[in-house]
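Colleague: Contents of start.tsv (TSV, C-alpha atoms):
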chain	number	residue	atom	x	y	z
O	1	MET	CA	71.90	97.03	169.00
O	2	GLU	CA	72.74	94.84	166.06
O	3	ASN	CA	73.96	97.41	163.55
O	4	PRO	CA	77.67	97.64	162.64
O	5	GLU	CA	79.61	99.95	164.92
O	6	VAL	CA	80.25	103.38	163.48
O	7	LEU	CA	83.05	105.79	164.47
O	8	THR	CA	84.31	103.68	167.37
O	9	ASP	CA	87.75	102.39	168.32
O	10	LEU	CA	88.79	99.66	165.88
O	11	ASP	CA	92.41	99.00	166.87
O	12	ALA	CA	94.01	95.56	167.25
O	13	ALA	CA	92.82	95.08	170.82
O	14	ALA	CA	89.18	95.74	169.97
O	15	PRO	CA	88.14	92.04	169.62
O	16	GLN	CA	89.50	91.24	173.08
O	17	ARG	CA	87.76	94.29	174.55
O	18	ARG	CA	84.47	93.29	172.89
O	19	ALA	CA	84.76	89.79	174.39
O	20	ALA	CA	85.45	91.22	177.83
O	21	THR	CA	82.58	93.65	177.47
O	22	THR	CA	80.21	90.84	176.47
O	23	ALA	CA	81.18	88.90	179.58
O	24	ARG	CA	80.28	91.85	181.80
O	25	SER	CA	77.29	93.10	179.80
O	26	VAL	CA	75.21	93.20	182.98
O	27	MET	CA	77.32	96.19	184.06
O	28	LYS	CA	77.18	98.07	180.75
O	29	LYS	CA	75.98	101.64	181.35
O	30	LEU	CA	76.48	103.27	177.95
O	31	PRO	CA	75.23	102.29	174.48
O	32	GLU	CA	76.96	100.67	171.55
O	33	VAL	CA	77.95	103.27	168.95
O	34	THR	CA	76.00	102.42	165.80
O	35	LEU	CA	74.34	104.29	162.97
O	36	ALA	CA	71.15	104.41	165.05
O	37	PHE	CA	73.17	106.01	167.86
O	38	TRP	CA	74.22	108.89	165.59
O	39	ILE	CA	70.69	109.40	164.28
O	40	MET	CA	69.39	109.62	167.85
O	41	LYS	CA	72.24	111.94	168.84
O	42	ILE	CA	71.40	114.39	166.03
O	43	ALA	CA	67.68	114.22	166.88
O	44	ALA	CA	68.42	114.86	170.57
O	45	THR	CA	70.75	117.78	169.91
O	46	THR	CA	68.34	119.36	167.44
O	47	LEU	CA	65.55	119.01	170.01
O	48	GLY	CA	67.86	120.50	172.63
O	49	GLU	CA	68.26	123.59	170.45
O	50	THR	CA	64.55	124.07	169.74
O	51	ALA	CA	63.45	123.27	173.32
O	52	GLY	CA	66.07	125.57	174.85
O	53	ASP	CA	64.91	128.41	172.61
O	54	LEU	CA	61.28	127.53	173.42
O	55	PHE	CA	61.81	128.10	177.15
O	56	ALA	CA	64.21	131.03	176.91
O	57	GLN	CA	62.71	133.01	174.01
O	58	THR	CA	59.21	131.83	173.09
O	59	LEU	CA	58.05	131.53	176.72
O	60	LYS	CA	60.27	134.53	177.59
O	61	LEU	CA	61.82	132.98	180.68
O	62	GLY	CA	65.17	134.39	179.59
O	63	TYR	CA	68.60	132.82	179.40
O	64	PHE	CA	69.38	133.25	183.11
O	65	LEU	CA	66.35	131.49	184.60
O	66	THR	CA	66.22	128.90	181.83
O	67	THR	CA	69.90	128.03	182.26
O	68	ILE	CA	69.46	127.50	186.00
O	69	THR	CA	66.31	125.40	185.49
O	70	LEU	CA	67.74	123.24	182.73
O	71	PHE	CA	71.03	122.72	184.57
O	72	LEU	CA	69.10	121.45	187.58
O	73	LEU	CA	67.16	119.18	185.24
O	74	PHE	CA	70.47	117.87	183.92
O	75	VAL	CA	71.64	117.12	187.48
O	76	VAL	CA	68.44	115.18	188.23
O	77	THR	CA	68.62	113.12	185.04
O	78	LEU	CA	72.33	112.48	185.59
O	79	VAL	CA	71.73	111.17	189.11
O	80	VAL	CA	69.13	108.76	187.74
O	81	GLN	CA	71.57	107.58	185.06
O	82	LEU	CA	74.47	107.17	187.50
O	83	ARG	CA	72.33	105.20	189.96
O	84	SER	CA	71.14	102.82	187.28
O	85	ARG	CA	72.84	99.42	187.45
O	86	ARG	CA	72.86	98.80	183.69
O	87	TYR	CA	72.32	100.60	180.40
O	88	ASN	CA	68.79	101.98	180.04
O	89	PRO	CA	68.13	103.84	176.76
O	90	PHE	CA	65.48	106.08	178.33
O	91	PHE	CA	67.85	107.19	181.12
O	92	TYR	CA	70.81	107.66	178.76
O	93	TRP	CA	68.99	109.67	176.07
O	94	THR	CA	67.19	111.78	178.68
O	95	VAL	CA	70.60	112.92	179.95
O	96	ILE	CA	71.79	113.58	176.39
O	97	LEU	CA	68.67	115.68	175.81
O	98	SER	CA	69.06	117.56	179.10
O	99	THR	CA	72.72	118.36	178.32
O	100	SER	CA	71.66	119.60	174.88
O	101	MET	CA	68.96	121.88	176.31
O	102	ALA	CA	71.17	123.15	179.12
O	103	GLY	CA	74.07	123.57	176.69
O	104	THR	CA	71.89	125.69	174.40
O	105	THR	CA	70.98	128.25	177.06
O	106	MET	CA	74.41	128.12	178.76
O	107	SER	CA	76.00	128.98	175.43
O	108	ASP	CA	73.45	131.71	174.73
O	109	PHE	CA	73.99	133.19	178.19
O	110	MET	CA	77.75	133.24	177.69
O	111	ASN	CA	77.79	134.62	174.17
O	112	ARG	CA	74.79	136.93	173.91
O	113	ASP	CA	73.50	140.01	175.70
O	114	ALA	CA	70.14	141.73	176.16
O	115	GLY	CA	70.45	143.67	172.90
O	116	ALA	CA	67.68	143.56	170.32
O	117	LYS	CA	70.04	141.72	167.96
O	118	TYR	CA	69.51	138.48	169.90
O	119	LEU	CA	65.80	138.84	170.68
O	120	SER	CA	62.96	137.34	168.67
O	121	SER	CA	60.85	139.66	166.55
O	122	GLY	CA	58.43	141.66	168.70
O	123	THR	CA	60.26	140.85	171.96
O	124	ALA	CA	61.42	143.84	173.99
O	125	SER	CA	63.01	141.91	176.86
O	126	LEU	CA	63.24	138.46	178.38
O	127	GLY	CA	62.75	137.14	181.93
O	128	TRP	CA	64.21	138.12	185.25
O	129	GLY	CA	67.93	138.46	185.79
O	130	PRO	CA	70.91	139.20	183.55
O	131	GLN	CA	70.31	138.02	180.01
O	132	GLY	CA	73.85	137.36	178.89
O	133	LEU	CA	77.53	138.06	179.36
O	134	GLY	CA	77.98	139.22	175.76
O	135	LEU	CA	81.30	137.41	175.27
O	136	GLY	CA	80.57	136.66	171.62
O	137	TYR	CA	80.73	133.31	169.83
O	138	PRO	CA	84.53	133.16	169.20
O	139	THR	CA	85.42	134.02	172.81
O	140	GLY	CA	82.77	131.71	174.22
O	141	ALA	CA	83.95	128.86	171.98
O	142	ALA	CA	87.60	129.44	172.98
O	143	ILE	CA	86.69	129.22	176.68
O	144	LEU	CA	84.66	126.06	176.17
O	145	ILE	CA	87.39	124.41	174.07
O	146	SER	CA	89.85	125.12	176.91
O	147	VAL	CA	87.48	123.58	179.47
O	148	LEU	CA	86.94	120.53	177.25
O	149	VAL	CA	90.71	120.06	176.86
O	150	VAL	CA	91.06	120.16	180.65
O	151	VAL	CA	88.33	117.52	181.05
O	152	PHE	CA	90.04	115.22	178.56
O	153	ALA	CA	93.46	115.84	180.15
O	154	VAL	CA	92.12	114.84	183.56
O	155	TRP	CA	90.45	111.83	181.96
O	156	LYS	CA	93.75	110.83	180.32
O	157	LEU	CA	95.64	111.13	183.62
O	158	THR	CA	93.23	108.72	185.28
O	159	GLY	CA	94.27	106.05	182.78
O	160	MET	CA	90.65	105.12	182.03
O	161	THR	CA	89.44	104.32	178.53
O	162	PHE	CA	87.85	106.85	176.18
O	163	VAL	CA	85.91	104.07	174.41
O	164	ILE	CA	82.39	104.50	175.72
O	165	ARG	CA	81.32	100.85	175.41
O	166	ASP	CA	84.10	99.97	177.89
O	167	ILE	CA	83.21	102.58	180.52
O	168	VAL	CA	81.79	100.67	183.51
O	169	SER	CA	83.04	102.63	186.55
O	170	PHE	CA	81.33	105.53	188.30
O	171	ARG	CA	84.37	107.79	187.87
O	172	GLY	CA	84.67	106.99	184.18
O	173	GLU	CA	81.00	107.72	183.61
O	174	ALA	CA	81.23	111.01	185.56
O	175	LEU	CA	84.10	112.12	183.30
O	176	PHE	CA	82.13	111.04	180.24
O	177	TRP	CA	79.11	113.15	181.20
O	178	SER	CA	81.31	116.14	182.06
O	179	ALA	CA	82.75	115.97	178.56
O	180	ILE	CA	79.26	115.62	177.08
O	181	LEU	CA	77.92	118.73	178.86
O	182	VAL	CA	80.88	120.87	177.81
O	183	SER	CA	80.90	119.53	174.24
O	184	ASN	CA	77.17	120.18	173.80
O	185	THR	CA	77.61	123.74	175.07
O	186	LEU	CA	80.60	124.21	172.75
O	187	GLY	CA	78.65	122.77	169.85
O	188	THR	CA	75.89	125.32	170.39
O	189	SER	CA	78.41	128.17	170.21
O	190	MET	CA	79.89	126.72	167.03
O	191	GLY	CA	76.47	126.22	165.46
O	192	ASP	CA	75.30	129.73	166.31
O	193	PHE	CA	78.51	131.16	164.89
O	194	LEU	CA	78.02	129.26	161.63
O	195	SER	CA	74.36	130.29	161.40
O	196	ASP	CA	74.57	133.91	162.52
O	197	SER	CA	78.10	135.22	162.00
O	198	SER	CA	79.83	133.20	159.30
O	199	GLY	CA	77.58	134.24	156.42
O	200	LEU	CA	76.73	130.62	155.61
O	201	GLY	CA	73.23	130.79	157.05
O	202	TYR	CA	71.37	127.89	158.64
O	203	ALA	CA	71.32	125.54	155.65
O	204	GLY	CA	74.92	126.40	154.70
O	205	GLY	CA	76.16	125.82	158.24
O	206	ALA	CA	74.40	122.46	158.43
O	207	ALA	CA	75.83	121.48	155.03
O	208	LEU	CA	79.37	122.38	156.13
O	209	VAL	CA	79.16	120.32	159.32
O	210	THR	CA	77.64	117.40	157.39
O	211	GLY	CA	80.54	117.56	154.94
O	212	VAL	CA	83.07	117.41	157.77
O	213	LEU	CA	81.26	114.41	159.28
O	214	VAL	CA	81.46	112.65	155.90
O	215	VAL	CA	85.23	113.24	155.92
O	216	LEU	CA	85.45	111.73	159.42
O	217	VAL	CA	83.64	108.61	158.21
O	218	ALA	CA	86.14	108.33	155.34
O	219	LEU	CA	89.04	108.67	157.81
O	220	MET	CA	87.80	105.55	159.61
O	221	ARG	CA	89.57	103.61	156.85
O	222	VAL	CA	92.91	105.31	157.55
O	223	PRO	CA	94.84	103.04	159.97
O	224	VAL	CA	96.98	105.78	161.51
O	225	VAL	CA	93.95	107.81	162.66
O	226	PRO	CA	92.51	106.47	165.95
O	227	ASN	CA	88.79	105.91	165.59
O	228	VAL	CA	88.22	106.87	169.19
O	229	LEU	CA	89.53	110.35	168.30
O	230	LEU	CA	87.20	110.49	165.30
O	231	PHE	CA	84.32	109.52	167.58
O	232	TRP	CA	84.85	112.45	169.94
O	233	ILE	CA	85.32	114.93	167.09
O	234	ALA	CA	82.09	113.67	165.55
O	235	PHE	CA	80.33	113.82	168.91
O	236	VAL	CA	81.20	117.50	169.25
O	237	LEU	CA	80.30	118.29	165.64
O	238	THR	CA	76.85	116.70	165.77
O	239	ARG	CA	75.91	119.43	168.25
O	240	PRO	CA	76.47	122.37	165.84
O	241	LEU	CA	74.67	120.26	163.23
O	242	GLY	CA	71.71	120.05	165.61
O	243	ALA	CA	71.98	123.75	166.42
O	244	THR	CA	71.94	124.85	162.78
O	245	ALA	CA	69.20	122.35	161.92
O	246	GLY	CA	67.12	123.57	164.86
O	247	ASP	CA	67.55	127.20	163.83
O	248	PHE	CA	66.68	126.30	160.25
O	249	LEU	CA	63.41	124.77	161.44
O	250	THR	CA	62.39	127.58	163.79
O	251	LYS	CA	63.77	130.90	162.54
O	252	PRO	CA	61.76	133.26	160.31
O	253	VAL	CA	61.83	132.84	156.55
O	254	ALA	CA	63.37	136.32	156.26
O	255	LYS	CA	66.40	135.01	158.16
O	256	GLY	CA	66.68	131.86	156.08
O	257	GLY	CA	64.62	129.52	158.27
O	258	LEU	CA	61.39	127.60	157.77
O	259	ASP	CA	59.53	129.45	160.56
O	260	LEU	CA	57.95	126.26	161.94
O	261	GLY	CA	58.16	127.61	165.48
O	262	THR	CA	59.94	126.26	168.55
O	263	ALA	CA	56.85	124.55	169.99
O	264	GLY	CA	55.85	122.63	166.86
O	265	SER	CA	59.40	121.67	165.96
O	266	SER	CA	60.13	120.52	169.52
O	267	ALA	CA	56.96	118.39	169.59
O	268	VAL	CA	57.84	116.62	166.34
O	269	LEU	CA	61.47	116.05	167.36
O	270	LEU	CA	60.39	114.77	170.78
O	271	ALA	CA	58.09	112.24	169.11
O	272	VAL	CA	60.92	111.10	166.82
O	273	LEU	CA	63.38	110.76	169.71
O	274	ALA	CA	60.82	108.94	171.88
O	275	GLY	CA	60.11	106.48	169.07
O	276	LEU	CA	63.82	105.81	168.46
O	277	THR	CA	64.45	105.42	172.20
O	278	GLY	CA	61.59	102.93	172.47
O	279	TYR	CA	63.08	100.95	169.59
O	280	ALA	CA	66.52	101.01	171.27
O	281	HIS	CA	64.96	99.82	174.53
O	282	ALA	CA	63.29	96.90	172.75
O	283	GLN	CA	66.59	96.00	171.05
O	284	GLU	CA	68.41	96.14	174.40
O	285	ARG	CA	65.88	93.80	176.02
O	286	ARG	CA	66.26	91.34	173.16
O	287	SER	CA	70.06	91.43	173.43
O	288	LEU	CA	69.89	90.65	177.17
O	289	ALA	CA	67.38	87.81	176.78
O	290	PRO	CA	69.96	85.11	175.86
O	291	ALA	CA	72.07	86.07	178.90
O	292	ALA	CA	69.03	85.56	181.16
O	293	ALA	CA	68.63	82.04	179.76
O	294	LEU	CA	72.21	80.96	180.58
O	295	PRO	CA	72.70	78.04	183.01
O	296	PRO	CA	72.99	79.16	186.67
O	297	GLU	CA	76.71	78.44	186.88
O	298	THR	CA	77.36	80.66	183.79
O	299	GLY	CA	75.28	83.49	185.18
O	300	ASP	CA	77.15	83.23	188.50
O	301	CYS	CA	80.44	83.47	186.64
O	302	ASP	CA	79.29	86.58	184.78
O	303	ARG	CA	78.15	88.20	188.02
O	304	ALA	CA	81.51	87.42	189.62
O	305	THR	CA	83.28	88.98	186.64
O	306	ALA	CA	81.09	92.10	186.92
O	307	ARG	CA	81.88	92.43	190.64
O	308	ALA	CA	85.58	92.05	189.95
O	309	ASP	CA	85.39	94.90	187.42
Spit out the file's structure as structure tokens when you get a sec.

Modeller:
Amino acid sequence: MENPEVLTDLDAAAPQRRAATTARSVMKKLPEVTLAFWIMKIAATTLGETAGDLFAQTLKLGYFLTTITLFLLFVVTLVVQLRSRRYNPFFYWTVILSTSMAGTTMSDFMNRDAGAKYLSSGTASLGWGPQGLGLGYPTGAAILISVLVVVFAVWKLTGMTFVIRDIVSFRGEALFWSAILVSNTLGTSMGDFLSDSSGLGYAGGAALVTGVLVVLVALMRVPVVPNVLLFWIAFVLTRPLGATAGDFLTKPVAKGGLDLGTAGSSAVLLAVLAGLTGYAHAQERRSLAPAAALPPETGDCDRATARAD
């Protein structure tokens, strides 16, 4: 994509890394972090919230069955992404969406129970199986934060980069997607806490998260704060933003929502995400076109560099 990079690592070594990354662009598996990236991330996480609730609550499959189904969907989409030889926007954003949907129901299963408090109006029960562990949002969030810290600690010990545009190995990508799944689940817990338990409501919770994201953008100009750290904080926080925005769209007016329904909201968000993904795919094809036109000896050099990596 051609937009300026947003919330990425901007330290002194960045120009050299960008040059190296350009030379091995054929092996790039993850997108450039731009403003369009963040818009698509918020759309995907909001859709993950509405679609997860659509399956679990509106269709009454329940948290248990829906969690199993969506986790298997995540595994399938992840295998497709990992087997891809280069970055494909459709593969990448499908995995982001599947982690958002699975994270929604995994969080709900951890934090909620089968009590009427968590059921939609007029619903007496949900699908087969246990409908929640009832840990509560603070406990569930604490567990997920601990798991996420472990993932990042293991990642740090491997010595591999946290900058996603420089991740080109299978192991690095596997760690990246592990962090994404946990962070999306954690973000759901945080979003539900802000919407349901903090007293802020859906709009207030979304406004709070948006304010924090604005602060993170301002911190990009502070040299002592690593932008790669800001990126991961923002990545986690866009999930509760999507969760609160999704609840605001779908929940009843009496609870502070717009009552647009999970099905209608999911359909609109899916159309938006599909359109943005199609645009990203077209941009990616245009960016690769000059590389395809290189003289044979240049292309051979690039392929040798990619194999060496």

Colleague: Please list as an MDAnalysis selection string every residue within 12 Å of Glu173 of chain O, counting all atoms listed in the file and excluding residues in the same chain fewer than 6 positions away.

Modeller: chainID O and resid 28:30 78:79 81:84 87 92 155 160:167 179:180

Colleague: Save the residues we just selected, C-alpha atoms, as an mmCIF file, in the frame of the given file?

Modeller:
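Final output, out.cif:
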data_model
loop_
_atom_site.group_PDB
_atom_site.id
_atom_site.type_symbol
_atom_site.label_atom_id
_atom_site.label_comp_id
_atom_site.auth_asym_id
_atom_site.auth_seq_id
_atom_site.Cartn_x
_atom_site.Cartn_y
_atom_site.Cartn_z
ATOM 1 C CA LYS O 28 77.180 98.070 180.750
ATOM 2 C CA LYS O 29 75.980 101.640 181.350
ATOM 3 C CA LEU O 30 76.480 103.270 177.950
ATOM 4 C CA LEU O 78 72.330 112.480 185.590
ATOM 5 C CA VAL O 79 71.730 111.170 189.110
ATOM 6 C CA GLN O 81 71.570 107.580 185.060
ATOM 7 C CA LEU O 82 74.470 107.170 187.500
ATOM 8 C CA ARG O 83 72.330 105.200 189.960
ATOM 9 C CA SER O 84 71.140 102.820 187.280
ATOM 10 C CA TYR O 87 72.320 100.600 180.400
ATOM 11 C CA TYR O 92 70.810 107.660 178.760
ATOM 12 C CA TRP O 155 90.450 111.830 181.960
ATOM 13 C CA MET O 160 90.650 105.120 182.030
ATOM 14 C CA THR O 161 89.440 104.320 178.530
ATOM 15 C CA PHE O 162 87.850 106.850 176.180
ATOM 16 C CA VAL O 163 85.910 104.070 174.410
ATOM 17 C CA ILE O 164 82.390 104.500 175.720
ATOM 18 C CA ARG O 165 81.320 100.850 175.410
ATOM 19 C CA ASP O 166 84.100 99.970 177.890
ATOM 20 C CA ILE O 167 83.210 102.580 180.520
ATOM 21 C CA ALA O 179 82.750 115.970 178.560
ATOM 22 C CA ILE O 180 79.260 115.620 177.080
#

Colleague: For each of O:Arg112, O:Ala142, O:Asp196, O:Phe90, take the minimum atom-to-atom distance to His281 of chain O, counting all atoms listed in the file, then give the residue where this is smallest.

Modeller: O:Phe90

Colleague: Identify which of the residues O:Asn184, O:Ser189, O:Thr45, O:Thr94 lies closest to Phe109 of chain O, counting only C-alpha atoms when measuring atom-to-atom distances.

Modeller: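 With only C-alpha atoms as the atom set, the closest residue is O:Ser189.
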
Colleague: Report, in Å to a single decimal, how far apart atom CA of Ser198 of chain O and atom CA of Val151 of chain O are.

Modeller: 28.1 Å

Colleague: Any idea what's packed within 7 Å of Gln131 of chain O, counting all atoms listed in the file, ignoring anything in its chain fewer than 3 positions away? Could you give it as a PyMOL selection string?

Modeller: chain O and resi 62-64+109+113-114

Colleague: With C-alpha atoms retained, write the just-selected residues as a PDB file, in the coordinates of the input.

Modeller:
ATOM      1  CA  GLY O  62      65.170 134.390 179.590  1.00  0.00           C
ATOM      2  CA  TYR O  63      68.600 132.820 179.400  1.00  0.00           C
ATOM      3  CA  PHE O  64      69.380 133.250 183.110  1.00  0.00           C
ATOM      4  CA  PHE O 109      73.990 133.190 178.190  1.00  0.00           C
ATOM      5  CA  ASP O 113      73.500 140.010 175.700  1.00  0.00           C
ATOM      6  CA  ALA O 114      70.140 141.730 176.160  1.00  0.00           C
TER       7      ALA O 114
END

Colleague: With distances taken over only C-alpha atoms, which residue among O:Pro226, O:Gly204, O:Pro31, O:Gly246 lies nearest Thr104 of chain O?

Modeller: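 The answer is O:Gly246, which sits nearest to Thr104 of chain O.
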
Colleague: Please, what distance in Å, to one decimal, runs between atom CA of Lys41 of chain O and atom CA of Gln283 of chain O?

Modeller: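 Interatomic distance, atom CA of Lys41 of chain O to atom CA of Gln283 of chain O: 17.1 Å.
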
Colleague: In Å, with one decimal, what is the gap from atom CA of Thr244 of chain O to atom CA of Ile39 of chain O?

Modeller: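 Separation of atom CA of Thr244 of chain O and atom CA of Ile39 of chain O: 15.6 Å.
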
Colleague: Compare O:Ser183, O:Ser169, O:Ser195, O:Ser287 by their minimum atom-to-atom distance to Phe152 of chain O, counting all atoms listed in the file, and give me the closest one.

Modeller: O:Ser183

Colleague: Excluding Val214 of chain O and any residue of its chain fewer than 6 positions from it, enumerate the residues within 12 Å of it, using all atoms listed in the file, and give them as a count of residues only.

Modeller: 8

Colleague: Using only C-alpha atoms, which residue out of O:Val224, O:Leu144, O:Ala254, O:Leu70 lies closest to Asp53 of chain O?

Modeller: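 Using only C-alpha atoms, the shortest distance to Asp53 of chain O belongs to O:Leu70.
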
Colleague: Of the residues O:Pro89, O:Gly264, O:Val228, O:Phe235, which is the one nearest to Arg285 of chain O, using only C-alpha atoms?

Modeller: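 Using only C-alpha atoms, Arg285 of chain O sits closest to O:Pro89.
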